[in-house]
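Below is work26.cif, holding mmCIF, C-alpha atoms.
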data_final
loop_
_atom_site.label_atom_id
_atom_site.label_comp_id
_atom_site.auth_asym_id
_atom_site.auth_seq_id
_atom_site.Cartn_x
_atom_site.Cartn_y
_atom_site.Cartn_z
CA PHE E 1 100.28 47.93 105.45
CA LEU E 2 97.52 46.34 103.37
CA TRP E 3 94.87 48.63 104.85
CA SER E 4 97.04 51.71 104.32
CA ALA E 5 97.75 50.77 100.73
CA ILE E 6 94.09 50.02 99.98
CA GLU E 7 93.01 53.28 101.63
CA GLY E 8 95.53 55.20 99.55
CA PHE E 9 94.11 53.75 96.33
CA VAL E 10 90.43 53.85 97.28
CA HIS E 11 90.84 57.47 98.34
CA HIS E 12 91.49 58.23 94.68
CA ARG E 13 88.47 56.39 93.33
CA SER E 14 86.43 59.55 93.85
CA ALA E 15 88.87 61.49 91.69
CA LYS E 16 87.57 60.81 88.18
CA ARG E 17 90.44 62.66 86.59
CA ARG E 18 93.11 60.60 88.32
CA LEU E 19 91.23 57.36 87.79
CA ALA E 20 90.91 58.17 84.09
CA ILE E 21 94.63 58.86 83.87
CA GLY E 22 95.20 55.43 85.41
CA LEU E 23 98.07 53.93 87.33
CA ALA E 24 100.48 55.56 84.87
CA ASP E 25 99.76 58.80 86.74
CA PRO E 26 102.77 59.31 89.05
CA VAL E 27 100.60 61.10 91.60
CA VAL E 28 98.39 58.02 92.02
CA VAL E 29 101.33 55.62 92.11
CA ASN E 30 103.36 57.78 94.50
CA ARG E 31 100.44 58.17 96.87
CA PHE E 32 99.78 54.44 96.81
CA LEU E 33 103.44 53.67 97.56
CA LEU E 34 103.75 56.39 100.18
CA TRP E 35 100.80 55.05 102.15
CA GLY E 36 102.51 51.67 101.94
CA PHE E 37 105.78 53.10 103.26
CA PHE E 38 104.02 54.70 106.21
CA GLY E 39 102.01 51.56 106.91
CA VAL E 40 105.02 49.22 106.80
CA ALA E 41 107.24 51.53 108.85
CA ALA E 42 104.65 52.28 111.53
CA THR E 43 103.71 48.61 111.88
CA ALA E 44 107.37 47.54 112.00
CA ILE E 45 108.17 50.07 114.72
CA ASN E 46 105.28 48.89 116.89
CA VAL E 47 106.08 45.21 116.41
CA SER E 48 109.83 45.74 116.92
CA SER E 49 109.29 47.78 120.08
CA PHE E 50 107.02 45.06 121.46
CA ILE E 51 109.58 42.34 120.68
CA GLY E 52 112.45 44.46 122.03
CA ASN E 53 110.67 45.05 125.32
CA ALA E 54 109.78 41.37 125.55
CA ILE E 55 113.41 40.23 125.20
CA GLY E 56 114.88 43.06 127.22
CA VAL E 57 116.44 45.08 124.36
CA ASP E 58 116.37 48.88 124.43
CA PRO E 59 114.10 49.86 121.49
CA SER E 60 115.91 53.19 121.05
CA THR E 61 119.17 51.41 120.09
CA SER E 62 117.82 48.29 118.46
CA PRO E 63 118.15 47.92 114.64
CA LEU E 64 114.68 46.38 114.78
CA VAL E 65 113.38 49.87 115.56
CA LEU E 66 116.00 52.13 113.98
CA VAL E 67 115.61 50.64 110.49
CA PRO E 68 111.81 51.08 110.35
CA MET E 69 112.25 54.58 111.75
CA GLY E 70 114.61 55.32 108.87
CA VAL E 71 112.00 54.07 106.42
CA LEU E 72 109.39 56.28 108.10
CA GLY E 73 111.73 59.27 107.84
CA PHE E 74 112.26 58.53 104.15
CA ALA E 75 108.51 58.39 103.60
CA ALA E 76 108.11 61.72 105.37
CA SER E 77 110.77 63.23 103.08
CA VAL E 78 108.92 61.90 100.05
CA ALA E 79 105.72 63.44 101.37
CA MET E 80 107.42 66.82 101.74
CA TYR E 81 108.76 66.58 98.20
CA LEU E 82 105.34 65.71 96.82
CA ALA E 83 103.83 68.69 98.63
CA PHE E 84 105.75 70.91 96.22
CA LEU E 85 105.24 69.05 92.96
CA PRO E 86 106.05 71.19 89.90
CA PRO E 87 103.24 72.77 87.90
CA GLU E 88 103.83 70.24 85.11
CA THR E 89 102.10 67.68 87.34
CA LEU E 90 98.80 69.36 86.47
CA ASP E 91 99.27 69.16 82.71
CA ILE E 92 95.82 67.77 81.99
CA ASP E 93 94.97 66.01 78.75
CA LEU E 94 92.30 68.38 77.45
CA SER E 95 91.54 66.11 74.49
CA ASN E 96 89.85 63.76 76.97
CA PRO E 97 86.31 64.92 77.95
CA ALA E 98 86.67 63.28 81.37
CA HIS E 99 89.77 65.36 82.09
CA ARG E 100 88.18 68.60 80.87
CA ASP E 101 85.26 68.26 83.27
CA PHE E 102 86.01 70.11 86.51
CA GLY E 103 82.77 70.40 88.43
CA ASP E 104 81.03 73.62 87.42
CA TYR E 105 83.85 74.33 84.98
CA GLU E 106 85.00 72.91 81.67
CA LEU E 107 88.72 73.31 81.05
CA GLN E 108 89.42 74.61 77.55
CA GLY E 109 93.09 75.44 77.33
CA LYS E 110 96.24 76.13 79.32
CA LEU E 111 97.08 79.82 79.73
CA GLY E 112 100.26 79.63 81.78
CA GLN E 113 101.88 78.49 84.98
CA GLY E 114 103.81 79.89 87.91
CA GLY E 115 105.45 78.79 91.10
CA MET E 116 102.18 77.97 92.87
CA GLY E 117 99.87 76.77 90.15
CA VAL E 118 98.66 76.35 86.60
CA VAL E 119 96.11 78.66 84.98
CA TYR E 120 93.54 77.33 82.50
CA ARG E 121 90.95 79.03 80.36
CA ALA E 122 87.63 77.53 81.38
CA ARG E 123 83.89 77.85 80.84
CA GLN E 124 81.76 78.21 83.94
CA LYS E 125 78.71 76.09 83.15
CA SER E 126 76.24 77.63 85.60
CA LEU E 127 76.81 81.20 84.44
CA GLU E 128 77.76 80.48 80.83
CA ARG E 129 80.90 82.59 80.93
CA GLU E 130 84.60 82.16 80.27
CA VAL E 131 86.96 82.52 83.22
CA ALA E 132 90.56 81.90 84.13
CA LEU E 133 90.90 78.97 86.56
CA LYS E 134 94.02 78.63 88.69
CA LEU E 135 94.78 75.17 90.11
CA LEU E 136 97.23 74.61 92.96
CA ALA E 137 100.28 72.87 91.47
CA ALA E 138 100.83 70.39 94.30
CA GLY E 139 97.28 69.04 94.00
CA PRO E 140 96.33 66.59 96.77
CA TRP E 141 99.91 66.63 98.07
CA ALA E 142 99.83 70.31 98.99
CA SER E 143 100.91 71.05 102.55
CA ALA E 144 98.63 73.00 104.86
CA ASP E 145 100.90 76.05 104.58
CA PHE E 146 100.91 75.83 100.78
CA ILE E 147 97.12 75.63 100.66
CA ALA E 148 96.84 78.52 103.12
CA ARG E 149 99.11 80.67 100.94
CA PHE E 150 97.09 79.75 97.85
CA ARG E 151 93.83 80.68 99.57
CA ARG E 152 95.37 83.86 100.91
CA GLU E 153 96.15 84.88 97.34
CA ALA E 154 92.48 84.52 96.39
CA GLN E 155 91.24 86.21 99.54
CA SER E 156 93.63 89.14 99.16
CA ALA E 157 92.52 89.77 95.57
CA ALA E 158 88.85 89.14 96.35
CA ARG E 159 88.82 91.98 98.89
CA MET E 160 89.70 94.47 96.18
CA GLN E 161 87.26 95.93 93.70
CA HIS E 162 89.41 98.03 91.38
CA PRO E 163 89.31 98.40 87.58
CA ASN E 164 93.04 97.64 87.35
CA ILE E 165 93.14 94.56 89.60
CA VAL E 166 92.02 91.17 88.28
CA PRO E 167 88.82 90.27 90.21
CA ILE E 168 88.32 86.89 91.88
CA TYR E 169 85.00 85.08 91.36
CA GLU E 170 85.16 81.88 93.41
CA ILE E 171 87.49 79.79 95.55
CA GLY E 172 87.07 76.10 96.30
CA ALA E 173 88.30 72.54 95.80
CA HIS E 174 87.23 69.82 93.39
CA GLU E 175 88.48 66.23 93.58
CA GLU E 176 91.27 67.29 95.97
CA LEU E 177 92.44 70.06 93.63
CA ASN E 178 92.28 73.53 95.17
CA PHE E 179 91.31 76.28 92.74
CA PHE E 180 90.03 79.77 92.33
CA SER E 181 88.39 81.37 89.33
CA MET E 182 88.95 84.91 88.15
CA MET E 183 88.23 87.22 85.27
CA LEU E 184 89.68 86.04 81.98
CA VAL E 185 91.93 88.79 80.59
CA ARG E 186 92.19 88.36 76.84
CA GLY E 187 95.64 89.70 76.27
CA PRO E 188 99.36 89.27 76.97
CA THR E 189 101.37 90.17 80.03
CA LEU E 190 103.28 93.43 80.17
CA GLY E 191 106.44 91.34 80.04
CA GLN E 192 105.37 89.79 76.73
CA VAL E 193 104.52 93.20 75.29
CA LEU E 194 107.92 94.59 76.25
CA ALA E 195 109.69 91.55 74.80
CA GLU E 196 107.85 91.81 71.48
CA GLN E 197 107.61 95.59 71.04
CA GLY E 198 110.50 96.95 73.07
CA PRO E 199 110.39 99.90 75.50
CA PHE E 200 107.36 102.20 75.55
CA GLU E 201 107.49 105.81 74.48
CA PRO E 202 108.03 108.05 77.55
CA ARG E 203 104.44 109.32 77.71
CA ALA E 204 102.93 105.84 77.28
CA ALA E 205 105.33 104.44 79.89
CA ALA E 206 104.38 107.18 82.36
CA GLN E 207 100.66 106.50 81.83
CA MET E 208 101.21 102.77 82.34
CA VAL E 209 103.22 103.30 85.54
CA ARG E 210 100.62 105.73 86.92
CA THR E 211 97.75 103.31 86.29
CA ILE E 212 99.57 100.41 87.97
CA ALA E 213 100.70 102.61 90.86
CA GLU E 214 97.13 103.75 91.51
CA ALA E 215 96.02 100.09 91.68
CA LEU E 216 98.78 99.31 94.17
CA ASP E 217 97.94 102.40 96.22
CA TYR E 218 94.36 101.12 96.43
CA ALA E 219 95.64 97.73 97.66
CA HIS E 220 97.90 99.42 100.21
CA ARG E 221 94.99 101.44 101.57
CA LEU E 222 93.24 98.11 102.17
CA GLY E 223 96.32 96.89 104.03
CA VAL E 224 97.59 94.51 101.32
CA LEU E 225 101.16 94.37 99.97
CA HIS E 226 101.57 92.61 96.60
CA LEU E 227 105.30 91.79 97.12
CA ASP E 228 105.79 90.36 93.62
CA LEU E 229 105.05 93.17 91.19
CA LYS E 230 106.78 92.64 87.84
CA PRO E 231 105.88 92.81 84.13
CA GLY E 232 104.89 89.13 84.13
CA ASN E 233 102.22 89.81 86.77
CA VAL E 234 100.57 92.69 84.91
CA LEU E 235 98.02 91.64 82.28
CA ILE E 236 97.08 93.86 79.33
CA ASP E 237 93.48 93.56 78.16
CA GLU E 238 92.08 94.06 74.67
CA ARG E 239 91.85 97.82 75.23
CA GLY E 240 95.48 98.07 76.30
CA VAL E 241 94.52 98.62 79.95
CA PRO E 242 96.84 97.02 82.56
CA LEU E 243 95.47 94.81 85.34
CA VAL E 244 97.57 93.69 88.31
CA ALA E 245 97.40 89.93 88.91
CA ASP E 246 99.00 87.16 90.97
CA PHE E 247 98.73 88.03 94.64
CA GLY E 248 100.38 84.73 95.57
CA LEU E 249 102.98 86.37 97.83
CA ALA E 250 100.71 89.14 99.11
CA ARG E 251 100.57 89.79 102.83
CA ARG E 252 98.91 92.25 105.12
CA ILE E 253 101.06 95.29 105.78
CA ASP E 254 101.14 94.71 109.54
CA GLU E 255 102.41 91.15 109.00
CA ALA E 256 105.03 92.19 106.45
CA LEU E 257 106.39 94.93 108.73
CA ALA E 258 106.45 92.82 111.90
CA THR E 259 109.83 92.97 113.65
CA ASP E 260 109.97 89.19 114.06
CA ASN E 261 109.31 88.55 110.36
CA ASP E 262 112.45 87.24 108.64
CA GLU E 263 110.80 85.92 105.45
CA VAL E 264 111.96 87.44 102.16
CA SER E 265 109.37 87.27 99.39
CA GLY E 266 109.44 88.29 95.75
CA THR E 267 111.38 87.93 92.51
CA PRO E 268 114.99 89.04 93.21
CA SER E 269 115.44 91.14 90.05
CA TYR E 270 112.26 93.09 90.84
CA MET E 271 112.56 93.43 94.61
CA ALA E 272 112.98 96.78 96.32
CA PRO E 273 116.47 97.39 97.80
#
Would you put the structure from the file into structure tokens?
Amino acid sequence: FLWSAIEGFVHHRSAKRRLAIGLADPVVVNRFLLWGFFGVAATAINVSSFIGNAIGVDPSTSPLVLVPMGVLGFAASVAMYLAFLPPETLDIDLSNPAHRDFGDYELQGKLGQGGMGVVYRARQKSLEREVALKLLAAGPWASADFIARFRREAQSAARMQHPNIVPIYEIGAHEELNFFSMMLVRGPTLGQVLAEQGPFEPRAAAQMVRTIAEALDYAHRLGVLHLDLKPGNVLIDERGVPLVADFGLARRIDEALATDNDEVSGTPSYMAP
């Protein structure tokens, strides 16, 4: 238990951001306690099984084993919950220079958040340019599947070089936080434009739909389905040109059309019938 707890804390000593936040950070505290839960439960099960066998008690029915197993199950449930922490977990205090520093990037402001992550405006130090930086919401607690989906989003978008699709620059991880950087679009989403200005004139609406459709057709020809197209995932740049973003649910066409695929992806109000 002691070793597990110490390992859980020491593991975070390399994470300057979490160390700067301190033990008030629930991610640090939860990880510390979770390692403790696993350590106590695993040790108790081993010791109880040894004692049960020594005195002739069936370990599978003994409270000495069942109780620690319950604790271990609880810890596993906590781990699953923490793998899907809400985006608010990554609300970083940008007034603190230590929190703004993110490897080759300097975080400058929060742009928005979605189901998978939080997007920040950042300056890439090595190239002296502003970018949008998306951080995986679950941070170090992200499950392997969650990280794979996050990376698939970046890889799907990175394959495409189209003037109406937001380009991806880099994908990586820094201090246990998975991220990818992309072009910074200085403008609102199509959803925000519609909310503020109302419906487009017919000709302008037709031009907008054609531009977005051509971008999607390009993605389809590369074998990629977006699966979550909606006004909130279309960015409008300073020239009024739309760019399709957020390929978080994207899949290859052959995977999406597989007969054994029973996964439903997308935003219900914008899904095809």
*Measuring atom to atom with all atoms listed in the file, identify which of E:Arg100, E:Arg186, E:Arg251, E:Arg210 is nearest to Glu130 of chain E.*
E:Arg186
*To verify the selection step, state as a VMD selection string which residues the PyMOL selection byres ((chain E and resi 107) around 8) yields on this input.*
chain E and resid 94 100 to 102 105 to 106 108 to 109 120 to 123
*What separation in Å, quoted to one decimal, exists between atom CA of Ser181 of chain E and atom CA of Asp93 of chain E?*
19.8 Å
Please evaluate the PyMOL selection byres ((chain E and resi 134) around 12) against the structure above and give the resulting residues as a PDB file with C-alpha atoms, in the coordinates of the input.
ATOM      1  CA  PRO E  87     103.240  72.770  87.900  1.00  0.00           C
ATOM      2  CA  LEU E  90      98.800  69.360  86.470  1.00  0.00           C
ATOM      3  CA  PHE E 102      86.010  70.110  86.510  1.00  0.00           C
ATOM      4  CA  TYR E 105      83.850  74.330  84.980  1.00  0.00           C
ATOM      5  CA  LEU E 107      88.720  73.310  81.050  1.00  0.00           C
ATOM      6  CA  GLY E 109      93.090  75.440  77.330  1.00  0.00           C
ATOM      7  CA  LYS E 110      96.240  76.130  79.320  1.00  0.00           C
ATOM      8  CA  LEU E 111      97.080  79.820  79.730  1.00  0.00           C
ATOM      9  CA  GLY E 112     100.260  79.630  81.780  1.00  0.00           C
ATOM     10  CA  GLN E 113     101.880  78.490  84.980  1.00  0.00           C
ATOM     11  CA  GLY E 114     103.810  79.890  87.910  1.00  0.00           C
ATOM     12  CA  GLY E 115     105.450  78.790  91.100  1.00  0.00           C
ATOM     13  CA  MET E 116     102.180  77.970  92.870  1.00  0.00           C
ATOM     14  CA  GLY E 117      99.870  76.770  90.150  1.00  0.00           C
ATOM     15  CA  VAL E 118      98.660  76.350  86.600  1.00  0.00           C
ATOM     16  CA  VAL E 119      96.110  78.660  84.980  1.00  0.00           C
ATOM     17  CA  TYR E 120      93.540  77.330  82.500  1.00  0.00           C
ATOM     18  CA  ARG E 121      90.950  79.030  80.360  1.00  0.00           C
ATOM     19  CA  ALA E 122      87.630  77.530  81.380  1.00  0.00           C
ATOM     20  CA  VAL E 131      86.960  82.520  83.220  1.00  0.00           C
ATOM     21  CA  ALA E 132      90.560  81.900  84.130  1.00  0.00           C
ATOM     22  CA  LEU E 133      90.900  78.970  86.560  1.00  0.00           C
ATOM     23  CA  LEU E 135      94.780  75.170  90.110  1.00  0.00           C
ATOM     24  CA  LEU E 136      97.230  74.610  92.960  1.00  0.00           C
ATOM     25  CA  ALA E 137     100.280  72.870  91.470  1.00  0.00           C
ATOM     26  CA  GLY E 139      97.280  69.040  94.000  1.00  0.00           C
ATOM     27  CA  PHE E 150      97.090  79.750  97.850  1.00  0.00           C
ATOM     28  CA  ARG E 151      93.830  80.680  99.570  1.00  0.00           C
ATOM     29  CA  GLU E 153      96.150  84.880  97.340  1.00  0.00           C
ATOM     30  CA  ALA E 154      92.480  84.520  96.390  1.00  0.00           C
ATOM     31  CA  ILE E 168      88.320  86.890  91.880  1.00  0.00           C
ATOM     32  CA  TYR E 169      85.000  85.080  91.360  1.00  0.00           C
ATOM     33  CA  GLU E 170      85.160  81.880  93.410  1.00  0.00           C
ATOM     34  CA  ILE E 171      87.490  79.790  95.550  1.00  0.00           C
ATOM     35  CA  GLY E 172      87.070  76.100  96.300  1.00  0.00           C
ATOM     36  CA  ALA E 173      88.300  72.540  95.800  1.00  0.00           C
ATOM     37  CA  LEU E 177      92.440  70.060  93.630  1.00  0.00           C
ATOM     38  CA  ASN E 178      92.280  73.530  95.170  1.00  0.00           C
ATOM     39  CA  PHE E 179      91.310  76.280  92.740  1.00  0.00           C
ATOM     40  CA  PHE E 180      90.030  79.770  92.330  1.00  0.00           C
ATOM     41  CA  SER E 181      88.390  81.370  89.330  1.00  0.00           C
ATOM     42  CA  MET E 182      88.950  84.910  88.150  1.00  0.00           C
ATOM     43  CA  MET E 183      88.230  87.220  85.270  1.00  0.00           C
ATOM     44  CA  LEU E 184      89.680  86.040  81.980  1.00  0.00           C
ATOM     45  CA  ALA E 245      97.400  89.930  88.910  1.00  0.00           C
ATOM     46  CA  ASP E 246      99.000  87.160  90.970  1.00  0.00           C
ATOM     47  CA  GLY E 248     100.380  84.730  95.570  1.00  0.00           C
TER      48      GLY E 248
END
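Of the listed residues E:Leu190, E:Ala250, E:Asp237, E:Ala138, the one whose atoms come nearest to Arg152 of chain E is E:Ala250, with distances taken using all atoms listed in the file.
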*In terms of the shortest atom-to-atom distance over all atoms listed in the file, which of E:Val224, E:Gln192, E:Ala219, E:Ala206 is closest to Asn164 of chain E?*
E:Ala219
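Pairwise distance (atom CA of Met160 of chain E, atom CA of His226 of chain E) equals 12.0 Å.
Atom CA of Tyr218 of chain E is positioned 20.1 Å from atom CA of Gly232 of chain E.
Of the residues listed (E:Lys125, E:His174, E:Arg252, E:His162), E:His162 shows the shortest atom-to-atom separation from Thr211 of chain E; distances use only C-alpha atoms.
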*Taking the file above as input, evaluate the PyMOL selection byres ((chain E and resi 271) around 9) and report the hits as a list in words.*
Leu227, Asp228, Leu229, Lys230, Ser265, Gly266, Thr267, Pro268, Ser269, Tyr270, Ala272 and Pro273 of chain E
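Using all atoms listed in the file, the contacts of Ile236 of chain E at a cut-off of 8 Å, with sequence neighbours closer than 5 positions omitted, comprise Val185, Arg186, Gly187, Pro188, Thr189, Leu190, Val241, Pro242 and Leu243 of chain E.
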Please produce a file of those selected residues containing C-alpha atoms, as a short mmCIF file (atom, residue, chain, number, x, y, z; two decimals), in the frame of the given file.
data_model
loop_
_atom_site.label_atom_id
_atom_site.label_comp_id
_atom_site.auth_asym_id
_atom_site.auth_seq_id
_atom_site.Cartn_x
_atom_site.Cartn_y
_atom_site.Cartn_z
CA VAL E 185 91.93 88.79 80.59
CA ARG E 186 92.19 88.36 76.84
CA GLY E 187 95.64 89.70 76.27
CA PRO E 188 99.36 89.27 76.97
CA THR E 189 101.37 90.17 80.03
CA LEU E 190 103.28 93.43 80.17
CA VAL E 241 94.52 98.62 79.95
CA PRO E 242 96.84 97.02 82.56
CA LEU E 243 95.47 94.81 85.34
#
